[in-house]
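Next up, entry32.tsv (TSV, C-alpha atoms and all ligand atoms):
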```tsv
chain	number	residue	atom	x	y	z
Z	211	MET	CA	76.40	88.13	99.68
Z	212	GLY	CA	78.71	88.59	102.60
Z	213	SER	CA	79.78	86.12	105.23
Z	214	THR	CA	79.19	85.77	108.96
Z	215	LEU	CA	81.55	86.17	111.90
Z	216	TRP	CA	80.79	82.51	112.66
Z	217	ASP	CA	82.22	81.50	109.27
Z	218	SER	CA	85.25	83.77	109.70
Z	219	VAL	CA	86.79	81.78	112.55
Z	220	GLY	CA	90.02	79.95	111.67
Z	221	GLN	CA	91.92	79.51	108.40
Z	222	THR	CA	94.47	81.97	109.77
Z	223	PRO	CA	97.81	82.58	108.01
Z	224	LEU	CA	100.92	80.71	109.15
Z	225	LEU	CA	103.51	83.51	109.27
Z	226	ARG	CA	107.24	82.90	108.85
Z	227	ILE	CA	109.05	84.94	111.46
Z	228	ALA	CA	111.87	86.10	109.21
Z	229	SER	CA	114.24	87.75	111.69
Z	230	LEU	CA	114.38	84.71	113.98
Z	231	SER	CA	114.39	82.11	111.21
Z	232	GLU	CA	117.40	83.82	109.64
Z	233	LEU	CA	119.27	84.13	112.95
Z	234	THR	CA	118.90	80.43	113.75
Z	235	GLY	CA	118.76	78.50	110.48
Z	236	CYS	CA	115.42	77.01	111.58
Z	237	GLU	CA	111.97	77.90	110.28
Z	238	ILE	CA	109.98	79.63	113.03
Z	239	LEU	CA	106.30	79.79	112.08
Z	240	GLY	CA	103.52	81.54	114.00
Z	241	LYS	CA	99.83	80.92	113.41
Z	242	ALA	CA	98.27	84.40	113.22
Z	243	GLU	CA	95.36	83.77	115.58
Z	244	PHE	CA	94.92	87.50	116.20
Z	245	MET	CA	93.25	87.51	112.77
Z	246	ASN	CA	90.16	85.69	114.07
Z	247	PRO	CA	87.01	87.87	114.17
Z	248	GLY	CA	87.22	88.46	117.95
Z	249	GLY	CA	90.97	88.94	117.70
Z	250	SER	CA	92.20	85.82	119.47
Z	251	ILE	CA	92.73	82.07	119.38
Z	252	LYS	CA	89.81	81.76	121.83
Z	253	ASP	CA	87.29	82.38	119.04
Z	254	ARG	CA	87.95	78.76	118.13
Z	255	ALA	CA	87.10	77.51	121.64
Z	256	ALA	CA	83.99	79.72	121.67
Z	257	LYS	CA	82.79	78.37	118.33
Z	258	GLY	CA	83.47	74.77	119.35
Z	259	MET	CA	81.58	75.12	122.63
Z	260	ILE	CA	78.61	76.99	121.13
Z	261	ARG	CA	78.35	74.50	118.26
Z	262	ASP	CA	78.33	71.58	120.69
Z	263	ALA	CA	75.79	73.21	123.03
Z	264	GLU	CA	73.48	73.96	120.10
Z	265	ALA	CA	73.72	70.36	118.91
Z	266	ARG	CA	72.77	69.18	122.43
Z	267	GLY	CA	69.81	71.58	122.56
Z	268	LEU	CA	71.33	73.57	125.45
Z	269	LEU	CA	71.16	76.92	123.62
Z	270	LYS	CA	68.36	78.60	121.74
Z	271	LYS	CA	67.71	82.22	120.70
Z	272	GLY	CA	67.61	84.42	123.81
Z	273	SER	CA	69.66	82.04	125.97
Z	274	THR	CA	72.38	83.38	128.26
Z	275	ILE	CA	75.93	82.04	128.16
Z	276	VAL	CA	78.07	82.53	131.27
Z	277	GLU	CA	81.80	81.93	131.40
Z	278	GLY	CA	84.78	82.49	133.67
Z	279	THR	CA	87.54	83.96	131.52
Z	280	ALA	CA	90.72	86.03	131.41
Z	281	GLY	CA	88.79	87.93	128.70
Z	282	ASN	CA	89.46	86.41	125.31
Z	283	THR	CA	87.00	83.52	125.61
Z	284	GLY	CA	84.38	86.04	126.75
Z	285	ILE	CA	85.13	88.20	123.72
Z	286	GLY	CA	84.86	85.17	121.42
Z	287	LEU	CA	81.57	84.07	122.98
Z	288	ALA	CA	80.17	87.59	122.56
Z	289	VAL	CA	81.41	88.13	118.99
Z	290	LEU	CA	79.82	84.85	117.90
Z	291	GLY	CA	76.96	84.78	120.43
Z	292	ILE	CA	75.51	88.21	119.59
Z	293	GLU	CA	75.23	87.15	115.96
Z	294	ARG	CA	73.31	84.02	117.03
Z	295	GLY	CA	71.00	85.77	119.50
Z	296	TYR	CA	72.61	84.96	122.86
Z	297	ARG	CA	73.36	87.16	125.86
Z	298	VAL	CA	76.80	86.83	127.44
Z	299	VAL	CA	77.82	87.22	131.09
Z	300	VAL	CA	81.46	86.85	132.14
Z	301	THR	CA	83.30	86.58	135.44
Z	302	MET	CA	86.86	87.86	135.12
Z	303	PRO	CA	89.80	88.41	137.46
Z	304	ASP	CA	90.18	92.13	138.16
Z	305	ASN	CA	93.87	92.40	137.19
Z	306	GLN	CA	93.59	91.94	133.42
Z	307	ALA	CA	94.47	94.54	130.76
Z	308	THR	CA	91.83	97.27	130.80
Z	309	GLU	CA	91.41	97.01	127.01
Z	310	LYS	CA	89.68	93.63	127.40
Z	311	TYR	CA	87.02	94.92	129.83
Z	312	THR	CA	86.40	97.93	127.53
Z	313	TYR	CA	86.01	95.67	124.49
Z	314	LEU	CA	83.53	93.39	126.31
Z	315	GLU	CA	81.52	96.30	127.70
Z	316	ALA	CA	81.35	97.85	124.20
Z	317	MET	CA	79.50	94.71	123.07
Z	318	GLY	CA	77.07	94.94	125.99
Z	319	VAL	CA	78.53	91.98	127.84
Z	320	ASP	CA	77.70	91.84	131.56
Z	321	VAL	CA	81.23	91.86	133.05
Z	322	ARG	CA	81.57	90.79	136.71
Z	323	LYS	CA	85.10	91.51	137.95
Z	324	VAL	CA	86.26	89.36	140.87
Z	325	PRO	CA	89.38	89.60	143.05
Z	326	VAL	CA	92.32	87.35	142.16
Z	327	VAL	CA	92.20	84.41	144.60
Z	328	PRO	CA	93.52	80.82	144.59
Z	329	PHE	CA	91.40	78.22	142.83
Z	330	ALA	CA	90.36	76.65	146.16
Z	331	ASN	CA	88.54	79.89	147.10
Z	332	PRO	CA	84.84	79.90	146.05
Z	333	GLY	CA	85.34	83.53	144.94
Z	334	HIS	CA	87.59	82.39	142.06
Z	335	PHE	CA	86.18	83.45	138.66
Z	336	TYR	CA	85.75	79.80	137.65
Z	337	HIS	CA	83.47	78.93	140.61
Z	338	GLN	CA	81.65	82.25	140.32
Z	339	ALA	CA	80.63	81.44	136.72
Z	340	LYS	CA	79.42	77.99	137.74
Z	341	THR	CA	77.40	79.46	140.63
Z	342	LEU	CA	75.74	82.05	138.37
Z	343	ALA	CA	74.81	79.31	135.89
Z	344	GLU	CA	73.21	77.24	138.66
Z	345	GLN	CA	71.38	80.22	140.17
Z	346	HIS	CA	69.91	81.49	136.88
Z	347	GLY	CA	69.70	78.39	134.70
Z	348	TRP	CA	72.24	79.83	132.26
Z	349	PHE	CA	74.53	77.81	129.98
Z	350	TRP	CA	78.02	77.58	131.51
Z	351	ALA	CA	80.57	77.14	128.70
Z	352	ASN	CA	83.28	75.75	131.06
Z	353	GLN	CA	86.21	76.04	128.66
Z	354	PHE	CA	88.60	74.29	131.08
Z	355	GLU	CA	86.70	71.01	131.30
Z	356	ASN	CA	84.52	71.11	128.18
Z	357	PRO	CA	86.11	68.76	125.60
Z	358	SER	CA	84.51	70.60	122.68
Z	359	ASN	CA	87.17	73.30	123.24
Z	360	GLY	CA	90.11	70.98	122.49
Z	361	ASP	CA	88.12	68.99	119.92
Z	362	PHE	CA	87.65	72.13	117.84
Z	363	HIS	CA	91.43	72.68	117.83
Z	364	TYR	CA	91.95	69.05	116.84
Z	365	GLU	CA	89.52	69.47	113.98
Z	366	THR	CA	90.59	72.94	112.73
Z	367	THR	CA	93.90	74.31	114.09
Z	368	GLY	CA	95.71	70.98	113.88
Z	369	GLN	CA	94.50	70.17	110.37
Z	370	GLU	CA	95.24	73.71	109.14
Z	371	LEU	CA	98.82	73.45	110.43
Z	372	TRP	CA	99.28	70.09	108.74
Z	373	THR	CA	98.03	71.44	105.42
Z	374	GLN	CA	99.90	74.74	105.63
Z	375	THR	CA	103.23	72.98	106.28
Z	376	GLY	CA	102.62	70.35	103.62
Z	377	GLY	CA	102.87	67.75	106.40
Z	378	ARG	CA	106.33	68.85	107.53
Z	379	VAL	CA	106.29	69.93	111.17
Z	380	ASP	CA	109.25	69.06	113.41
Z	381	VAL	CA	108.34	70.83	116.65
Z	382	LEU	CA	105.09	72.17	118.13
Z	383	THR	CA	105.49	74.52	121.08
Z	384	ALA	CA	102.89	76.45	123.10
Z	385	SER	CA	101.84	77.68	126.51
Z	386	VAL	CA	98.63	76.51	128.18
Z	387	GLY	CA	95.59	78.30	129.60
Z	388	THR	CA	92.81	75.74	129.45
Z	389	GLY	CA	94.92	73.29	127.42
Z	390	GLY	CA	92.41	73.36	124.55
Z	391	THR	CA	95.00	74.47	122.01
Z	392	LEU	CA	97.85	72.16	123.05
Z	393	GLY	CA	95.46	69.28	123.80
Z	394	GLY	CA	93.79	69.43	120.39
Z	395	VAL	CA	96.76	70.32	118.21
Z	396	SER	CA	99.26	67.91	119.81
Z	397	ARG	CA	96.81	65.05	119.30
Z	398	ALA	CA	96.18	66.03	115.68
Z	399	LEU	CA	99.86	66.35	114.76
Z	400	LYS	CA	101.08	63.26	116.66
Z	401	GLU	CA	98.38	61.20	114.96
Z	402	LYS	CA	99.73	62.30	111.59
Z	403	ASN	CA	103.38	61.89	112.62
Z	404	PRO	CA	104.30	60.50	116.06
Z	405	SER	CA	107.80	61.97	115.83
Z	406	VAL	CA	106.58	65.58	115.99
Z	407	GLU	CA	108.18	66.94	119.18
Z	408	VAL	CA	105.75	68.74	121.52
Z	409	VAL	CA	107.23	71.24	123.98
Z	410	LEU	CA	105.07	72.92	126.61
Z	411	LEU	CA	106.01	76.51	127.57
Z	412	ASP	CA	105.21	77.75	131.06
Z	413	PRO	CA	105.22	81.25	132.63
Z	414	PRO	CA	106.17	81.93	136.26
Z	415	GLY	CA	103.43	80.95	138.72
Z	416	SER	CA	102.21	78.01	136.64
Z	417	GLY	CA	102.48	74.41	137.77
Z	418	LEU	CA	102.69	72.60	134.44
Z	419	TYR	CA	106.47	72.74	133.95
Z	420	CYS	CA	106.85	70.83	137.23
Z	421	HIS	CA	104.05	68.49	136.22
Z	422	VAL	CA	105.83	67.55	132.99
Z	423	THR	CA	109.32	67.31	134.48
Z	424	GLU	CA	108.62	65.95	138.00
Z	425	GLY	CA	105.02	64.72	137.96
Z	426	LYS	CA	103.64	67.24	140.48
Z	427	VAL	CA	101.72	70.46	139.78
Z	428	GLU	CA	103.84	73.05	141.58
Z	429	GLY	CA	105.06	76.55	140.88
Z	430	SER	CA	105.73	79.88	142.52
Z	431	GLY	CA	105.74	83.56	141.61
Z	432	SER	CA	103.48	85.40	139.22
Z	433	SER	CA	103.56	86.65	135.64
Z	434	ILE	CA	102.48	89.65	133.57
Z	435	THR	CA	101.26	87.25	130.85
Z	436	GLU	CA	97.48	86.89	130.54
Z	437	GLY	CA	95.37	83.86	129.63
Z	438	ILE	CA	98.12	81.29	130.29
Z	439	GLY	CA	99.54	79.40	133.25
Z	440	ILE	CA	97.52	77.15	135.54
Z	441	MET	CA	97.91	75.29	138.85
Z	442	ARG	CA	95.67	72.32	138.14
Z	443	LEU	CA	95.21	69.64	135.48
Z	444	THR	CA	92.14	70.32	133.34
Z	445	GLU	CA	90.32	67.79	131.15
Z	446	ASN	CA	91.48	69.69	128.05
Z	447	PHE	CA	95.11	69.62	129.19
Z	448	LYS	CA	94.99	65.93	130.20
Z	449	ARG	CA	94.48	65.07	126.54
Z	450	ALA	CA	97.68	66.84	125.43
Z	451	ARG	CA	100.62	64.73	124.27
Z	452	VAL	CA	103.66	66.54	125.66
Z	453	ASP	CA	107.31	65.44	125.39
Z	454	ARG	CA	108.98	68.10	127.52
Z	455	ALA	CA	108.63	71.58	128.96
Z	456	LEU	CA	110.51	74.89	129.17
Z	457	ARG	CA	110.08	77.82	131.52
Z	458	ILE	CA	110.03	81.35	130.11
Z	459	THR	CA	110.50	84.40	132.37
Z	460	ASP	CA	108.60	87.68	131.99
Z	461	GLN	CA	111.86	89.45	131.05
Z	462	GLN	CA	112.37	86.93	128.20
Z	463	THR	CA	108.76	87.49	127.08
Z	464	ILE	CA	109.14	91.28	127.04
Z	465	GLU	CA	112.41	91.14	125.08
Z	466	MET	CA	110.67	89.02	122.43
Z	467	LEU	CA	107.56	91.20	122.38
Z	468	TYR	CA	109.68	94.27	121.57
Z	469	HIS	CA	111.89	92.31	119.14
Z	470	LEU	CA	108.88	91.18	117.09
Z	471	ALA	CA	107.50	94.72	117.00
Z	472	ARG	CA	110.80	96.33	115.96
Z	473	HIS	CA	112.21	93.70	113.61
Z	474	ASP	CA	109.16	91.95	112.16
Z	475	GLY	CA	106.41	94.58	112.42
Z	476	LEU	CA	104.44	92.10	114.52
Z	477	VAL	CA	102.80	93.61	117.59
Z	478	VAL	CA	101.54	90.65	119.60
Z	479	GLY	CA	100.12	89.95	123.05
Z	480	THR	CA	102.07	88.53	125.96
Z	481	SER	CA	101.26	84.83	125.47
Z	482	ALA	CA	102.25	85.09	121.79
Z	483	ALA	CA	105.54	86.75	122.75
Z	484	LEU	CA	106.17	83.99	125.30
Z	485	ASN	CA	105.37	81.34	122.69
Z	486	VAL	CA	107.78	82.85	120.17
Z	487	ARG	CA	110.47	83.19	122.85
Z	488	GLY	CA	110.09	79.47	123.50
Z	489	ALA	CA	110.27	78.71	119.78
Z	490	TRP	CA	113.46	80.79	119.54
Z	491	GLU	CA	115.09	79.03	122.50
Z	492	LEU	CA	114.38	75.71	120.77
Z	493	ALA	CA	115.63	77.03	117.42
Z	494	LYS	CA	118.92	78.08	119.02
Z	495	ALA	CA	119.34	74.57	120.40
Z	496	TYR	CA	118.63	73.17	116.90
Z	497	ARG	CA	120.65	75.91	115.15
Z	498	GLY	CA	121.26	75.32	111.44
Z	499	SER	CA	119.09	72.20	111.28
Z	500	GLY	CA	116.32	73.77	109.18
Z	501	LYS	CA	113.77	72.32	111.62
Z	502	ARG	CA	110.25	73.72	111.34
Z	503	ILE	CA	109.01	74.98	114.67
Z	504	VAL	CA	105.35	76.03	114.87
Z	505	THR	CA	103.64	78.08	117.56
Z	506	PHE	CA	100.66	80.42	118.09
Z	507	LEU	CA	100.34	84.20	117.94
Z	508	CYS	CA	97.32	84.01	120.24
Z	509	ASP	CA	96.26	87.65	120.20
Z	510	HIS	CA	97.39	91.16	119.22
Z	511	GLY	CA	99.46	93.60	121.23
Z	512	SER	CA	96.84	96.32	120.86
Z	513	ARG	CA	94.91	94.44	123.59
Z	514	TYR	CA	97.70	95.19	126.12
Z	515	THR	CA	99.10	98.63	125.25
Z	516	SER	CA	98.22	100.00	128.71
Z	517	LYS	CA	100.59	97.44	130.17
Z	518	VAL	CA	103.41	96.30	127.91
Z	519	PHE	CA	103.85	99.56	125.99
Z	520	ASN	CA	103.55	101.63	129.15
Z	521	PRO	CA	107.04	102.41	130.55
Z	522	SER	CA	105.78	102.93	134.10
Z	523	PHE	CA	104.06	99.51	134.09
Z	524	LEU	CA	107.26	97.83	132.89
Z	525	GLU	CA	109.28	99.70	135.49
Z	526	SER	CA	106.91	98.68	138.27
Z	527	LYS	CA	107.54	95.03	137.33
Z	528	GLY	CA	111.32	95.48	136.93
Z	529	LEU	CA	111.13	94.64	133.21
Z	530	VAL	CA	113.37	96.21	130.55
Z	531	PRO	CA	112.58	96.14	126.79
Z	532	ASP	CA	116.13	95.13	125.86
Z	533	GLU	CA	117.27	93.65	122.55
Z	534	LEU	CA	117.41	89.83	122.50
Z	535	PRO	CA	120.73	88.46	123.79
Z	536	ALA	CA	123.07	87.32	121.01
O	601	LIG	N1	96.83	83.12	124.92
O	601	LIG	C1	95.81	83.92	125.24
O	601	LIG	C2	95.97	85.40	125.00
O	601	LIG	C3	94.65	83.40	125.82
O	601	LIG	O1	93.63	84.20	126.16
O	601	LIG	C4	94.59	82.00	126.06
O	601	LIG	C5	93.38	81.36	126.68
O	601	LIG	N2	93.00	81.78	127.93
O	601	LIG	C6	95.68	81.20	125.71
O	601	LIG	C7	96.78	81.80	125.13
O	601	LIG	C8	95.72	79.72	126.01
O	601	LIG	O2	94.97	78.92	125.16
O	601	LIG	P1	94.28	77.60	125.69
O	601	LIG	O3	93.18	78.00	126.61
O	601	LIG	O4	93.77	76.94	124.46
O	601	LIG	O5	95.29	76.77	126.41
```
Please, can you express the file's structure as structure tokens?
Ligand code: PMP
Amino acid sequence: MGSTLWDSVGQTPLLRIASLSELTGCEILGKAEFMNPGGSIKDRAAKGMIRDAEARGLLKKGSTIVEGTAGNTGIGLAVLGIERGYRVVVTMPDNQATEKYTYLEAMGVDVRKVPVVPFANPGHFYHQAKTLAEQHGWFWANQFENPSNGDFHYETTGQELWTQTGGRVDVLTASVGTGGTLGGVSRALKEKNPSVEVVLLDPPGSGLYCHVTEGKVEGSGSSITEGIGIMRLTENFKRARVDRALRITDQQTIEMLYHLARHDGLVVGTSAALNVRGAWELAKAYRGSGKRIVTFLCDHGSRYTSKVFNPSFLESKGLVPDELPA
């Protein structure tokens, strides 16, 4: 009796966000990815990459997995990897929410914090993970370029959404970290129905909005969101089928984060709040149409309380937890 963490990944509820659906006359639906066993959408990427590496004979009991991560992929690899007998080492930028380091350390993960530097710098967490893998003969998961990340979303997240909506999705909208989610799910839904509209959401400091609208990866500024936004085109993102893009500011993200907590009892992380803000902006444009707009509640707000529910943090960033504008 009893099931494994491995078998508990996916099959997450598709929640109707009542307050926003009623305000707009659209159906705004959020896939509750915080209900995965490691608490985020990245459990899917972790399972996809471990499953593929096992099939290729790259992992066996006692192996070490190393990954560069904003935290959630590391948590997913540990939650699933411990159960299967692997050791996990992560390289992580040193500006992430403290809750994620604490969670990883509680599981005995070897966490190597590195300064935040541009991708071209060999000290970037991505290159540091690759270097450790080469030095020690460890398995490097490489979520950005490893197609088994997006393939797992194609196979599970995309099919679940299709089934849960009875095949009626009008708009898919999401932000991008590695592009695994948008790459896999946009392919799955467009294959079923090419007229599904796919809208990429981008935080400040990310280059993908410019890529979609002007064909060049450019952006400026920075964001309090974690796990999303990127200044290069990854293999997982290159497979996404995107129609257009929207930019979402940190102030817009914070307003939605507090709105969801106060009006829907949903305490979500920053990328989820950004995703729902994007879905709401689209719903306002399609007001009264009854369109079904789906997005992802990537992780839970409890992972970020030291930041987004900390008034002095918000103040230091010039952010105000205002009600949504009418
Ligand atoms: N939200 C959060 C909280 C994440 O950690 C990530 C992944 N880094 C994403 C969204 C983006 O997902 P993906 O990597 O599939 O693009």
Contacts between ligand LIG 601 (chain O) and chain Z, please, where a residue of chain Z counts if it comes within 6 Å (with only C-alpha atoms and all ligand atoms); show its shortest atom pair and distance in Å to one decimal, rows by chain and ascending number, as a Markdown table.
```
| residue | atom | partner | partner_atom | distance |
| --- | --- | --- | --- | --- |
| Z:Ala280 | CA | O:LIG601 | N2 | 5.9 |
| Z:Asn282 | CA | O:LIG601 | O1 | 4.8 |
| Z:Val386 | CA | O:LIG601 | O5 | 3.8 |
| Z:Gly387 | CA | O:LIG601 | O5 | 3.6 |
| Z:Thr388 | CA | O:LIG601 | O3 | 3.6 |
| Z:Gly389 | CA | O:LIG601 | O5 | 3.6 |
| Z:Gly390 | CA | O:LIG601 | O4 | 3.8 |
| Z:Thr391 | CA | O:LIG601 | O4 | 3.7 |
| Z:Glu436 | CA | O:LIG601 | C2 | 5.9 |
| Z:Gly437 | CA | O:LIG601 | N2 | 3.6 |
| Z:Ile438 | CA | O:LIG601 | C8 | 5.2 |
| Z:Ser481 | CA | O:LIG601 | N1 | 4.8 |
| Z:Cys508 | CA | O:LIG601 | N1 | 4.8 |
| Z:Asp509 | CA | O:LIG601 | C2 | 5.3 |
```
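Note that the spacing between CA of Thr301 (chain Z) and CA of Trp348 (chain Z) amounts to 13.3 Å.
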Near-region 400-407 of chain Z list (9 Å; only C-alpha atoms; drop same-chain fewer than 4 positions) as JSON, numbers by chain
{"Z": [372, 377, 379, 380, 381, 382, 383, 395, 396, 451, 452, 453, 454]}
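Between Arg502 (chain Z) and the residues Z:Met259, Z:Ala482, Z:Val324, Z:Leu371, the shortest atom-to-atom distance, using only C-alpha atoms, involves Z:Leu371.
All polymer residues at most 10 Å from (78.1, 92.6, 133.1), using all atoms listed in the file, appear as Val298, Val299, Val300, Thr301, Tyr311, Leu314, Glu315, Gly318, Val319, Asp320, Val321, Arg322 and Lys323 of chain Z.
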Env of Ser250 (chain Z): 12 Å cut, atoms = all atoms listed in the file, seq-sep filter 4 positions within chain, self excluded. Answer as a ChimeraX atom specification.
/Z:219-220,222,241-246,254-256,281-287,289,310,391,437,478-479,481-482,506-513
Give me region 465-474 of chain Z with all heavy atoms filled in, as a PDB file, in the coordinates of the input.
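Final output, saved to selection_9.pdb:
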```pdb
ATOM      1  N   GLU Z 465     111.374  90.955 126.124  1.00  0.00           N
ATOM      2  CA  GLU Z 465     112.410  91.140 125.080  1.00  0.00           C
ATOM      3  C   GLU Z 465     111.880  90.673 123.729  1.00  0.00           C
ATOM      4  O   GLU Z 465     112.072  91.338 122.711  1.00  0.00           O
ATOM      5  CB  GLU Z 465     113.671  90.337 125.442  1.00  0.00           C
ATOM      6  CG  GLU Z 465     114.457  90.947 126.585  1.00  0.00           C
ATOM      7  CD  GLU Z 465     115.529  89.991 127.129  1.00  0.00           C
ATOM      8  OE1 GLU Z 465     115.770  88.923 126.523  1.00  0.00           O
ATOM      9  OE2 GLU Z 465     116.108  90.324 128.188  1.00  0.00           O
ATOM     10  N   MET Z 466     111.181  89.530 123.706  1.00  0.00           N
ATOM     11  CA  MET Z 466     110.670  89.020 122.430  1.00  0.00           C
ATOM     12  C   MET Z 466     109.522  89.878 121.909  1.00  0.00           C
ATOM     13  O   MET Z 466     109.419  90.124 120.695  1.00  0.00           O
ATOM     14  CB  MET Z 466     110.226  87.560 122.572  1.00  0.00           C
ATOM     15  CG  MET Z 466     109.789  86.931 121.258  1.00  0.00           C
ATOM     16  SD  MET Z 466     111.056  87.040 119.970  1.00  0.00           S
ATOM     17  CE  MET Z 466     112.129  85.673 120.420  1.00  0.00           C
ATOM     18  N   LEU Z 467     108.690  90.361 122.807  1.00  0.00           N
ATOM     19  CA  LEU Z 467     107.560  91.200 122.380  1.00  0.00           C
ATOM     20  C   LEU Z 467     108.083  92.446 121.645  1.00  0.00           C
ATOM     21  O   LEU Z 467     107.600  92.795 120.565  1.00  0.00           O
ATOM     22  CB  LEU Z 467     106.745  91.573 123.623  1.00  0.00           C
ATOM     23  CG  LEU Z 467     105.399  92.227 123.373  1.00  0.00           C
ATOM     24  CD1 LEU Z 467     104.354  91.621 124.302  1.00  0.00           C
ATOM     25  CD2 LEU Z 467     105.459  93.717 123.600  1.00  0.00           C
ATOM     26  N   TYR Z 468     109.099  93.078 122.210  1.00  0.00           N
ATOM     27  CA  TYR Z 468     109.680  94.270 121.570  1.00  0.00           C
ATOM     28  C   TYR Z 468     110.463  93.899 120.315  1.00  0.00           C
ATOM     29  O   TYR Z 468     110.443  94.622 119.324  1.00  0.00           O
ATOM     30  CB  TYR Z 468     110.536  95.054 122.578  1.00  0.00           C
ATOM     31  CG  TYR Z 468     109.693  95.996 123.420  1.00  0.00           C
ATOM     32  CD1 TYR Z 468     108.967  95.532 124.514  1.00  0.00           C
ATOM     33  CD2 TYR Z 468     109.590  97.347 123.102  1.00  0.00           C
ATOM     34  CE1 TYR Z 468     108.170  96.378 125.279  1.00  0.00           C
ATOM     35  CE2 TYR Z 468     108.794  98.219 123.853  1.00  0.00           C
ATOM     36  CZ  TYR Z 468     108.087  97.719 124.947  1.00  0.00           C
ATOM     37  OH  TYR Z 468     107.293  98.568 125.686  1.00  0.00           O
ATOM     38  N   HIS Z 469     111.151  92.751 120.331  1.00  0.00           N
ATOM     39  CA  HIS Z 469     111.890  92.310 119.140  1.00  0.00           C
ATOM     40  C   HIS Z 469     110.933  92.140 117.952  1.00  0.00           C
ATOM     41  O   HIS Z 469     111.202  92.624 116.850  1.00  0.00           O
ATOM     42  CB  HIS Z 469     112.627  90.993 119.406  1.00  0.00           C
ATOM     43  CG  HIS Z 469     113.260  90.435 118.170  1.00  0.00           C
ATOM     44  ND1 HIS Z 469     114.553  90.700 117.797  1.00  0.00           N
ATOM     45  CD2 HIS Z 469     112.737  89.669 117.168  1.00  0.00           C
ATOM     46  CE1 HIS Z 469     114.807  90.123 116.639  1.00  0.00           C
ATOM     47  NE2 HIS Z 469     113.723  89.486 116.235  1.00  0.00           N
ATOM     48  N   LEU Z 470     109.828  91.458 118.188  1.00  0.00           N
ATOM     49  CA  LEU Z 470     108.880  91.180 117.090  1.00  0.00           C
ATOM     50  C   LEU Z 470     108.300  92.486 116.549  1.00  0.00           C
ATOM     51  O   LEU Z 470     108.081  92.627 115.342  1.00  0.00           O
ATOM     52  CB  LEU Z 470     107.756  90.252 117.570  1.00  0.00           C
ATOM     53  CG  LEU Z 470     108.181  88.809 117.879  1.00  0.00           C
ATOM     54  CD1 LEU Z 470     107.038  88.044 118.535  1.00  0.00           C
ATOM     55  CD2 LEU Z 470     108.635  88.092 116.600  1.00  0.00           C
ATOM     56  N   ALA Z 471     108.037  93.432 117.443  1.00  0.00           N
ATOM     57  CA  ALA Z 471     107.500  94.720 117.000  1.00  0.00           C
ATOM     58  C   ALA Z 471     108.526  95.463 116.145  1.00  0.00           C
ATOM     59  O   ALA Z 471     108.215  95.945 115.049  1.00  0.00           O
ATOM     60  CB  ALA Z 471     107.098  95.558 118.213  1.00  0.00           C
ATOM     61  N   ARG Z 472     109.767  95.513 116.632  1.00  0.00           N
ATOM     62  CA  ARG Z 472     110.800  96.330 115.960  1.00  0.00           C
ATOM     63  C   ARG Z 472     111.352  95.681 114.700  1.00  0.00           C
ATOM     64  O   ARG Z 472     111.673  96.362 113.744  1.00  0.00           O
ATOM     65  CB  ARG Z 472     111.965  96.562 116.933  1.00  0.00           C
ATOM     66  CG  ARG Z 472     111.623  97.468 118.100  1.00  0.00           C
ATOM     67  CD  ARG Z 472     112.727  97.366 119.152  1.00  0.00           C
ATOM     68  NE  ARG Z 472     112.478  98.228 120.301  1.00  0.00           N
ATOM     69  CZ  ARG Z 472     113.018  98.042 121.498  1.00  0.00           C
ATOM     70  NH1 ARG Z 472     113.818  97.010 121.709  1.00  0.00           N
ATOM     71  NH2 ARG Z 472     112.760  98.871 122.484  1.00  0.00           N
ATOM     72  N   HIS Z 473     111.502  94.362 114.709  1.00  0.00           N
ATOM     73  CA  HIS Z 473     112.210  93.700 113.610  1.00  0.00           C
ATOM     74  C   HIS Z 473     111.295  92.976 112.636  1.00  0.00           C
ATOM     75  O   HIS Z 473     111.724  92.620 111.541  1.00  0.00           O
ATOM     76  CB  HIS Z 473     113.256  92.718 114.168  1.00  0.00           C
ATOM     77  CG  HIS Z 473     114.298  93.389 114.998  1.00  0.00           C
ATOM     78  ND1 HIS Z 473     115.405  94.007 114.451  1.00  0.00           N
ATOM     79  CD2 HIS Z 473     114.384  93.594 116.344  1.00  0.00           C
ATOM     80  CE1 HIS Z 473     116.138  94.543 115.429  1.00  0.00           C
ATOM     81  NE2 HIS Z 473     115.534  94.304 116.583  1.00  0.00           N
ATOM     82  N   ASP Z 474     110.071  92.694 113.041  1.00  0.00           N
ATOM     83  CA  ASP Z 474     109.160  91.950 112.160  1.00  0.00           C
ATOM     84  C   ASP Z 474     107.843  92.689 111.941  1.00  0.00           C
ATOM     85  O   ASP Z 474     106.983  92.187 111.215  1.00  0.00           O
ATOM     86  CB  ASP Z 474     108.898  90.552 112.733  1.00  0.00           C
ATOM     87  CG  ASP Z 474     110.172  89.719 112.797  1.00  0.00           C
ATOM     88  OD1 ASP Z 474     110.528  89.097 111.781  1.00  0.00           O
ATOM     89  OD2 ASP Z 474     110.830  89.718 113.851  1.00  0.00           O
TER      90      ASP Z 474
END
```
